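Engineer: I have a structure here, written as structure tokens, and I will follow up with some questions on it.
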There are 2 protein chains.
Amino acid sequence: MNEQRDVWLREVGTRDGLQSIPTLFSTETKLEWIRREAEAGIPEIEVGSFVPPKLLPQMADSAAVVAEAIKIKGLHVSVLVPNLKGAENAMAAGAHQVNYVLSVSEAHSRANVRRSVQESIDDFGRIIELRNSTPAFRSVRVASGLATAFGCTMGGAVPLEDVLAAARALLELGADELAVADTVGYGNPAQCRTIFREVLAIAGDVPVAAHFHDTRGLGLANVDAALDAGVRRFDASLAGLGGCPYAPGASGNIVMDDLVFMLEAMGLKTGVDLEALLDVRRYVEGHLRGEPTHGAIAKAGVPKGFVLSAQRHA
Amino acid sequence: MNEQRDVWLREVGTRDGLQSIPTLFSTETKLEWIRREAEAGIPEIEVGSFVPPKLLPQMADSAAVVAEAIKIKGLHVSVLVPNLKGAENAMAAGAHQVNYVLSVSEAHSRANVRRSVQESIDDFGRIIELRNSTPAFRSVRVASGLATAFGCTMGGAVPLEDVLAAARALLELGADELAVADTVGYGNPAQCRTIFREVLAIAGDVPVAAHFHDTRGLGLANVDAALDAGVRRFDASLAGLGGCPYAPGASGNIVMDDLVFMLEAMGLKTGVDLEALLDVRRYVEGHLRGEPTHGAIAKAGVPKGFVLSAQRHA
């Protein structure tokens with residue numbers, strides 16, 4: 001595939017998806033998924049998370065997955081880490097990037113990780129310090145997600161100023177990337193334009209990604225709005241794997257295959273071969289045990305005459 | 001509900017939806033649907049179509065439906081008409097508006113109605129003439145849809161110039177409204193911005209509606225783009241009723257309930273009571289016999305703290 005990309009895509013189904021379904025994927029099945037999706041042109045995959053195995057047994061093999069995934073040529077291997085200990089383990093395993101996550105909503109933060117937002121920000125500072133002070137970790141990128149930036153199931157609306165205050169603090173500490181997350185699918189396109197314009201304005205050269213859930217059907221509309229605001233990095237999950245534990249039948253992360261179709265149809269190069277990606281989708285579906293998958297392009301097929309942007313401009 | 005609306009919504013499930021499913025709705029069931037949805041605040045309903053009953057038995061009672069629907073206070077009653085004969089019958093039945101439709105794609109037009117695009121445009125001129133020359137029909141609005149404006153399953157891409165040429169011809173003949181339609185779900189947001197900006201520019205004071213299908217999952221993203229281009233009129237189908245005969249499992253028209261949620265969340269007044277609309281959805285679902293319905297908000301519920309725009313600004 002053409003290496004020149006207009007949009008950078010991160011597969012999170014191997015983390016956000018697999019942690020939300022009952023079926024356990026073997027290490028080898030995860031790696032086959034990762035290998036095939038990297039081959040299809042996805043540049044970054046969040047291959048797992050470094051959380052206590054008793055909390056998320058699905059992620060217990062993350063170190064082993066990282067160790068193999070970093071051998072895949074051209075793939076940027078990232079992992080989710082909830083705290084300093086997780087970050088240390090992830091860096092030791094060889095991850096190229098650690099994606100820390102804090103909740104912008106004070107209520108959600110205290111309920112979910114029993115820490116205030118400020119304590120979470122302080123913890124991010126310690127992760128940056130660990131990276132900076134450890135020669136072996138010097139090349140690891142340290143990113144942070146801003147969860148519940150679009151609202152929270154506990155407190156409802158989250159003030160824009162809280163999102164920006166957290167973003168500023170993370171940037172000052174040296175974040176290599178921010179990912180603004182609509183964790184519970186509350187966001188709408190108007191809100192996306194406002195939030196991303198403001199965050200991009202303070203982020204300067206630091207990349208800002210959008211992490212959307214499709215719980216209320218607005219996932220791709222939010223992508224359109226985020227693109228309009230200038231965002232060129234998106235998280236998504238192949239086949240929309242994961243769902244939402246709070247809303248039976250509702251989808252979770254936006255669907256990677258539909259996202260690639262939309263971006264390519266809009267003339268934005270993703271570097272992804274859509275047909276190859278749909279092959280990976282079928283591989284993943286073959287390992288599910290009844291969990292629902294999502295997405296329209298896998299059912300409807302591409303429009304007659306559709307070509308990928310890279311081929312169109314070639 | 002507040003009569004001041006930012007966006008005008010037209011329910012087409014009673015036509016586009018019902019004509020695409022095997023279950024036959026009785027006249028009384030259709031009317032109950034129409035009454036309840038008007039009560040929920042939907043300002044316009046395309047209550048049927050005037051086509052030969054042997055082609056679409058589901059629409060055979062359209063005259064009876066119109067005769068009752070026009071008694072509903074405040075409801076704008078429109079119907080689809082394929083030709084002059086249908087338009088005459090629709091006007092005689094008392095419809096407030098006839099929605100003619102022609103295909104912008106020459107290949108689709110010839111295959112579907114065995115007429116060239118120009119012949120279809122000429123037919124529209126005869127409908128306008130009939131309305132103008134018949135005192136009893138003088139107040140009927142005559143609109144035209146531009147089908148396959150975003151591409152066609154037969155010919156693939158449709159040149160923008162063909163869309164604009166048809167739009168110009170219809171406007172010159174005196175169209176009271178244009179509805180630019182992505183009949184087969186080929187459209188993407190970038191294309192929406194281009195097409196709607198151009199059509200709005202030539203339409204002047206004549207309203208321009210967008211008719212999207214969600215076949216490839218981009219329906220609401222296309223709405224966001226159309227809003228961005230200045231469109232404030234949308235067709236949609238409650239529960240996404242209808243589906244796409246060419247793509248099993250794929251959805252048809254965009255989902256009215258999700259559309260109302262999106263617009264209201266964006267702060268745009270629709271005049272619709274979302275909870276009442278979801279009640280109508282349940283009524284309609286109760287009359288289906290296994291046909292799939294679509295939409296996310298009915299499953300996930302509105303975000304905590306969500307209020308309709310009219311209440312927010314009140």
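In the structure tokens, the first chain shown is A, the next is B, and so on; residue numbers restart at 1 for each chain, and ligands run from 1 in the order shown.
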Using only C-alpha atoms, which chain A residues lie at most 6 Å away from chain B, written as a count of residues only?
Structural biologist: 16
Engineer: Can you pull out every residue within 7 Å of B:Lys269, counting only C-alpha atoms, but drop anything in the same chain fewer than 3 positions away, and send it as number ranges by chain?
Structural biologist: B: 5-7, 264, 309-310
Engineer: What is the distance, in Å and to one decimal place, between atom CA of A:Ala210 and atom CA of A:Asp235?
Structural biologist: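 So the answer is 6.4 Å.
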Engineer: Fit chain B to chain A: least squares, all C-alpha atoms, paired in order; write the output as a CSV table (one decimal) with C-alpha atoms, in the first residue's frame.
Structural biologist:
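Output file result-v2.csv is given in full below:
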chain,number,residue,atom,x,y,z
B,1,MET,CA,0.1,-0.1,0.1
B,2,ASN,CA,1.0,3.6,-0.4
B,3,GLU,CA,2.8,4.8,2.7
B,4,GLN,CA,1.5,8.3,2.3
B,5,ARG,CA,-1.6,8.6,4.5
B,6,ASP,CA,-4.0,11.4,5.0
B,7,VAL,CA,-5.5,9.7,8.1
B,8,TRP,CA,-3.9,7.5,10.7
B,9,LEU,CA,-6.0,4.7,12.0
B,10,ARG,CA,-5.6,2.7,15.2
B,11,GLU,CA,-7.2,-0.7,15.7
B,12,VAL,CA,-8.5,-1.0,19.2
B,13,GLY,CA,-10.7,-4.1,18.8
B,14,THR,CA,-7.8,-6.3,20.1
B,15,ARG,CA,-8.1,-4.4,23.4
B,16,ASP,CA,-11.4,-2.5,23.7
B,17,GLY,CA,-13.2,-5.2,21.7
B,18,LEU,CA,-11.8,-8.3,23.2
B,19,GLN,CA,-12.0,-7.1,26.8
B,20,SER,CA,-15.8,-6.6,26.4
B,21,ILE,CA,-16.8,-10.0,25.1
B,22,PRO,CA,-17.0,-13.4,26.9
B,23,THR,CA,-15.0,-15.3,24.3
B,24,LEU,CA,-11.3,-15.6,25.1
B,25,PHE,CA,-9.0,-15.3,22.1
B,26,SER,CA,-5.8,-17.4,22.3
B,27,THR,CA,-2.5,-15.6,22.0
B,28,GLU,CA,-2.0,-17.1,18.6
B,29,THR,CA,-5.4,-16.0,17.3
B,30,LYS,CA,-4.8,-12.5,18.5
B,31,LEU,CA,-1.4,-12.5,16.8
B,32,GLU,CA,-2.9,-13.8,13.5
B,33,TRP,CA,-5.5,-11.0,13.7
B,34,ILE,CA,-2.8,-8.4,14.3
B,35,ARG,CA,-0.5,-9.8,11.6
B,36,ARG,CA,-3.3,-9.8,9.0
B,37,GLU,CA,-4.6,-6.4,9.9
B,38,ALA,CA,-1.1,-4.9,9.7
B,39,GLU,CA,-0.7,-6.6,6.4
B,40,ALA,CA,-4.0,-5.0,5.2
B,41,GLY,CA,-2.4,-1.6,5.9
B,42,ILE,CA,-3.6,-0.6,9.4
B,43,PRO,CA,-0.6,1.4,10.8
B,44,GLU,CA,-1.2,1.1,14.6
B,45,ILE,CA,-2.8,-1.6,16.7
B,46,GLU,CA,-3.5,-1.4,20.4
B,47,VAL,CA,-2.7,-5.0,21.0
B,48,GLY,CA,-3.7,-5.3,24.6
B,49,SER,CA,-3.6,-3.7,28.0
B,50,PHE,CA,-1.5,-4.1,31.1
B,51,VAL,CA,-4.0,-4.4,33.8
B,52,PRO,CA,-4.2,-7.0,36.6
B,53,PRO,CA,-5.1,-10.4,35.0
B,54,LYS,CA,-7.7,-11.1,37.6
B,55,LEU,CA,-9.6,-8.0,36.4
B,56,LEU,CA,-9.3,-8.7,32.7
B,57,PRO,CA,-8.2,-12.3,32.0
B,58,GLN,CA,-8.7,-11.6,28.3
B,59,MET,CA,-5.6,-9.3,28.5
B,60,ALA,CA,-3.4,-11.6,30.6
B,61,ASP,CA,-1.1,-12.5,27.7
B,62,SER,CA,-0.5,-8.9,26.6
B,63,ALA,CA,3.3,-9.1,27.2
B,64,ALA,CA,3.5,-12.2,25.0
B,65,VAL,CA,1.4,-10.5,22.3
B,66,VAL,CA,3.6,-7.3,22.4
B,67,ALA,CA,6.8,-9.4,22.2
B,68,GLU,CA,5.6,-10.9,18.9
B,69,ALA,CA,3.7,-7.9,17.5
B,70,ILE,CA,6.8,-5.7,17.6
B,71,LYS,CA,8.4,-8.1,15.1
B,72,ILE,CA,5.8,-7.2,12.4
B,73,LYS,CA,7.4,-4.9,9.9
B,74,GLY,CA,6.0,-1.3,9.8
B,75,LEU,CA,3.4,-1.9,12.6
B,76,HIS,CA,3.3,0.7,15.4
B,77,VAL,CA,2.4,-1.4,18.5
B,78,SER,CA,0.6,0.4,21.3
B,79,VAL,CA,-1.0,-0.9,24.5
B,80,LEU,CA,-3.4,0.6,27.1
B,81,VAL,CA,-2.0,1.2,30.6
B,82,PRO,CA,-4.1,2.2,33.6
B,83,ASN,CA,-1.2,3.3,35.9
B,84,LEU,CA,2.5,3.5,36.4
B,85,LYS,CA,2.9,-0.2,37.1
B,86,GLY,CA,1.2,-1.1,33.9
B,87,ALA,CA,3.3,1.4,32.0
B,88,GLU,CA,6.5,0.0,33.3
B,89,ASN,CA,5.4,-3.6,32.4
B,90,ALA,CA,4.4,-2.4,28.9
B,91,MET,CA,7.6,-0.6,28.3
B,92,ALA,CA,9.6,-3.6,29.5
B,93,ALA,CA,7.6,-5.8,27.1
B,94,GLY,CA,8.7,-3.6,24.2
B,95,ALA,CA,5.6,-1.7,23.3
B,96,HIS,CA,6.2,1.2,21.0
B,97,GLN,CA,3.6,3.3,22.7
B,98,VAL,CA,1.7,3.3,25.9
B,99,ASN,CA,-1.8,4.7,25.9
B,100,TYR,CA,-2.6,5.9,29.4
B,101,VAL,CA,-6.2,6.9,30.1
B,102,LEU,CA,-7.8,9.2,32.6
B,103,SER,CA,-11.4,10.2,33.0
B,104,VAL,CA,-12.1,13.9,32.7
B,105,SER,CA,-15.3,13.5,34.7
B,106,GLU,CA,-14.5,13.7,38.4
B,107,ALA,CA,-17.4,11.4,39.3
B,108,HIS,CA,-16.5,8.8,36.7
B,109,SER,CA,-12.8,9.0,37.7
B,110,ARG,CA,-13.5,8.4,41.4
B,111,ALA,CA,-16.0,5.6,40.8
B,112,ASN,CA,-13.9,3.9,38.2
B,113,VAL,CA,-10.3,4.1,39.5
B,114,ARG,CA,-10.9,5.6,42.9
B,115,ARG,CA,-8.7,8.6,42.1
B,116,SER,CA,-9.4,12.2,41.5
B,117,VAL,CA,-8.7,13.7,38.0
B,118,GLN,CA,-5.6,15.5,39.5
B,119,GLU,CA,-4.3,12.3,40.9
B,120,SER,CA,-4.6,10.7,37.5
B,121,ILE,CA,-2.8,13.5,35.9
B,122,ASP,CA,0.0,13.2,38.5
B,123,ASP,CA,0.3,9.5,37.7
B,124,PHE,CA,0.7,10.4,34.0
B,125,GLY,CA,3.6,12.7,35.0
B,126,ARG,CA,5.3,9.7,36.8
B,127,ILE,CA,4.9,7.6,33.6
B,128,ILE,CA,6.6,10.3,31.5
B,129,GLU,CA,9.3,10.6,34.2
B,130,LEU,CA,9.9,6.8,34.1
B,131,ARG,CA,10.2,6.9,30.3
B,132,ASN,CA,12.6,9.9,30.4
B,133,SER,CA,14.8,8.4,33.2
B,134,THR,CA,15.1,4.9,31.8
B,135,PRO,CA,17.5,4.6,28.8
B,136,ALA,CA,15.8,1.5,27.5
B,137,PHE,CA,12.4,3.2,27.4
B,138,ARG,CA,13.6,6.5,25.9
B,139,SER,CA,12.0,5.8,22.5
B,140,VAL,CA,8.6,4.8,23.9
B,141,ARG,CA,5.8,7.2,23.0
B,142,VAL,CA,3.6,8.1,26.0
B,143,ALA,CA,0.0,9.1,25.0
B,144,SER,CA,-3.0,9.8,27.1
B,145,GLY,CA,-6.7,9.3,26.5
B,146,LEU,CA,-9.3,11.7,27.9
B,147,ALA,CA,-12.2,9.5,28.7
B,148,THR,CA,-15.8,10.7,29.2
B,149,ALA,CA,-14.8,14.0,27.4
B,150,PHE,CA,-18.3,14.1,25.8
B,151,GLY,CA,-20.3,13.3,28.9
B,152,CYS,CA,-20.6,10.6,31.5
B,153,THR,CA,-23.2,8.1,32.5
B,154,MET,CA,-22.9,9.3,36.1
B,155,GLY,CA,-22.6,13.0,35.9
B,156,GLY,CA,-24.2,13.7,32.5
B,157,ALA,CA,-22.6,16.7,30.8
B,158,VAL,CA,-18.9,17.3,31.2
B,159,PRO,CA,-17.9,21.0,30.9
B,160,LEU,CA,-15.6,21.8,28.0
B,161,GLU,CA,-13.3,23.7,30.4
B,162,ASP,CA,-12.7,20.4,32.3
B,163,VAL,CA,-11.6,18.7,29.0
B,164,LEU,CA,-9.3,21.6,28.1
B,165,ALA,CA,-7.8,21.8,31.6
B,166,ALA,CA,-6.9,18.1,31.6
B,167,ALA,CA,-5.6,18.4,28.0
B,168,ARG,CA,-3.4,21.4,29.0
B,169,ALA,CA,-2.0,19.5,32.1
B,170,LEU,CA,-1.2,16.4,30.0
B,171,LEU,CA,0.5,18.5,27.3
B,172,GLU,CA,2.6,20.4,29.9
B,173,LEU,CA,3.7,17.1,31.3
B,174,GLY,CA,4.9,16.1,27.8
B,175,ALA,CA,2.2,13.9,26.3
B,176,ASP,CA,3.2,12.6,22.9
B,177,GLU,CA,-0.4,12.3,21.8
B,178,LEU,CA,-3.9,13.0,23.1
B,179,ALA,CA,-6.9,10.8,22.4
B,180,VAL,CA,-10.2,12.6,23.2
B,181,ALA,CA,-12.7,9.8,23.9
B,182,ASP,CA,-16.5,9.6,23.8
B,183,THR,CA,-16.4,6.6,26.1
B,184,VAL,CA,-20.1,6.1,26.4
B,185,GLY,CA,-21.4,7.3,23.0
B,186,TYR,CA,-22.8,10.6,24.2
B,187,GLY,CA,-21.1,12.9,21.6
B,188,ASN,CA,-22.8,14.7,18.8
B,189,PRO,CA,-21.3,16.4,15.7
B,190,ALA,CA,-21.7,19.9,17.0
B,191,GLN,CA,-20.0,19.0,20.2
B,192,CYS,CA,-17.2,17.3,18.2
B,193,ARG,CA,-16.5,20.4,16.2
B,194,THR,CA,-16.3,22.5,19.4
B,195,ILE,CA,-14.1,20.1,21.5
B,196,PHE,CA,-11.7,19.2,18.7
B,197,ARG,CA,-11.2,22.7,17.5
B,198,GLU,CA,-10.3,23.8,21.0
B,199,VAL,CA,-8.1,20.8,21.8
B,200,LEU,CA,-6.3,21.0,18.4
B,201,ALA,CA,-5.7,24.7,19.1
B,202,ILE,CA,-3.9,24.1,22.3
B,203,ALA,CA,-2.1,20.9,21.2
B,204,GLY,CA,0.1,22.5,18.6
B,205,ASP,CA,2.3,19.8,17.0
B,206,VAL,CA,1.1,17.1,19.4
B,207,PRO,CA,-1.2,14.7,17.5
B,208,VAL,CA,-4.8,14.5,18.6
B,209,ALA,CA,-6.9,11.4,18.0
B,210,ALA,CA,-10.6,10.8,18.3
B,211,HIS,CA,-12.0,7.8,20.0
B,212,PHE,CA,-15.7,7.3,19.3
B,213,HIS,CA,-18.3,4.8,20.3
B,214,ASP,CA,-21.3,4.2,18.1
B,215,THR,CA,-23.7,3.5,21.0
B,216,ARG,CA,-26.2,6.0,19.8
B,217,GLY,CA,-25.6,5.7,16.1
B,218,LEU,CA,-23.6,8.9,15.7
B,219,GLY,CA,-20.1,7.5,15.4
B,220,LEU,CA,-19.4,8.2,11.8
B,221,ALA,CA,-21.3,11.5,11.9
B,222,ASN,CA,-18.9,12.4,14.7
B,223,VAL,CA,-16.0,11.4,12.5
B,224,ASP,CA,-17.2,13.7,9.8
B,225,ALA,CA,-17.4,16.6,12.3
B,226,ALA,CA,-14.0,15.8,13.7
B,227,LEU,CA,-12.5,15.7,10.2
B,228,ASP,CA,-14.1,19.0,9.6
B,229,ALA,CA,-12.4,20.3,12.8
B,230,GLY,CA,-9.0,19.0,11.5
B,231,VAL,CA,-8.7,15.6,13.2
B,232,ARG,CA,-6.7,13.1,11.2
B,233,ARG,CA,-6.4,10.2,13.7
B,234,PHE,CA,-9.1,7.8,14.7
B,235,ASP,CA,-9.6,4.7,16.8
B,236,ALA,CA,-11.9,2.0,15.6
B,237,SER,CA,-12.6,-1.7,16.1
B,238,LEU,CA,-12.9,-4.2,13.3
B,239,ALA,CA,-16.5,-5.4,12.9
B,240,GLY,CA,-17.3,-3.0,15.8
B,241,LEU,CA,-16.3,-5.8,18.1
B,242,GLY,CA,-17.1,-5.1,21.7
B,243,GLY,CA,-20.5,-3.7,22.1
B,244,CYS,CA,-21.6,-1.7,25.1
B,245,PRO,CA,-22.1,-3.5,28.4
B,246,TYR,CA,-24.7,-0.8,29.5
B,247,ALA,CA,-26.9,-1.1,26.4
B,248,PRO,CA,-27.6,-4.6,25.2
B,249,GLY,CA,-27.5,-4.9,21.4
B,250,ALA,CA,-25.9,-1.4,21.0
B,251,SER,CA,-22.6,-1.2,19.3
B,252,GLY,CA,-19.3,-0.2,20.9
B,253,ASN,CA,-16.3,1.4,19.1
B,254,ILE,CA,-17.0,2.7,15.6
B,255,VAL,CA,-16.6,0.0,13.0
B,256,MET,CA,-13.1,0.1,11.4
B,257,ASP,CA,-14.3,-1.4,8.1
B,258,ASP,CA,-17.0,1.2,7.7
B,259,LEU,CA,-14.6,4.0,8.7
B,260,VAL,CA,-12.1,2.9,6.1
B,261,PHE,CA,-14.8,2.9,3.5
B,262,MET,CA,-16.0,6.3,4.5
B,263,LEU,CA,-12.6,7.9,4.5
B,264,GLU,CA,-11.5,6.4,1.2
B,265,ALA,CA,-14.8,7.3,-0.4
B,266,MET,CA,-14.2,10.9,0.8
B,267,GLY,CA,-10.8,10.8,-1.0
B,268,LEU,CA,-8.7,10.5,2.1
B,269,LYS,CA,-5.9,8.0,1.9
B,270,THR,CA,-5.8,5.6,4.8
B,271,GLY,CA,-3.2,3.2,3.4
B,272,VAL,CA,-5.6,0.4,4.0
B,273,ASP,CA,-6.7,-2.3,1.5
B,274,LEU,CA,-10.5,-2.5,2.2
B,275,GLU,CA,-10.9,-5.9,0.7
B,276,ALA,CA,-8.0,-7.3,2.7
B,277,LEU,CA,-9.5,-5.7,5.8
B,278,LEU,CA,-12.8,-7.4,5.2
B,279,ASP,CA,-10.9,-10.7,4.9
B,280,VAL,CA,-9.5,-10.1,8.4
B,281,ARG,CA,-13.0,-9.3,9.6
B,282,ARG,CA,-14.1,-12.8,8.4
B,283,TYR,CA,-11.1,-14.3,10.2
B,284,VAL,CA,-12.1,-12.6,13.5
B,285,GLU,CA,-15.8,-13.5,13.1
B,286,GLY,CA,-14.7,-17.1,12.7
B,287,HIS,CA,-13.4,-17.1,16.2
B,288,LEU,CA,-16.4,-15.6,17.9
B,289,ARG,CA,-19.0,-17.6,19.7
B,290,GLY,CA,-22.2,-15.8,19.0
B,291,GLU,CA,-21.1,-12.3,19.9
B,292,PRO,CA,-22.7,-9.8,17.5
B,293,THR,CA,-20.7,-7.9,15.0
B,294,HIS,CA,-21.6,-4.6,13.4
B,295,GLY,CA,-21.0,-2.6,10.2
B,296,ALA,CA,-22.7,-2.0,6.9
B,297,ILE,CA,-20.0,-2.3,4.2
B,298,ALA,CA,-19.5,-6.0,5.0
B,299,LYS,CA,-23.1,-6.6,4.2
B,300,ALA,CA,-23.7,-4.2,1.4
B,301,GLY,CA,-20.4,-4.2,-0.4
B,302,VAL,CA,-18.7,-1.2,-1.9
B,303,PRO,CA,-20.5,0.9,-4.6
B,304,LYS,CA,-20.0,0.0,-8.2
B,305,GLY,CA,-16.9,1.7,-9.5
B,306,PHE,CA,-15.5,2.3,-6.0
B,307,VAL,CA,-11.7,2.6,-5.9
B,308,LEU,CA,-9.3,3.3,-3.0
B,309,SER,CA,-8.0,6.9,-2.9
B,310,ALA,CA,-4.4,5.7,-3.5
B,311,GLN,CA,-5.4,4.0,-6.7
B,312,ARG,CA,-7.6,6.9,-7.8
B,313,HIS,CA,-4.7,9.4,-7.6
B,314,ALA,CA,-2.0,7.0,-8.8
Engineer: Can you list, as number ranges by chain, every residue of stretch 32-254 of chain B that DSSP puts in alpha helix (DSSP H)?
Structural biologist: B: 32-39, 62-69, 84-93, 106-113, 117-133, 160-173, 189-203, 219-229
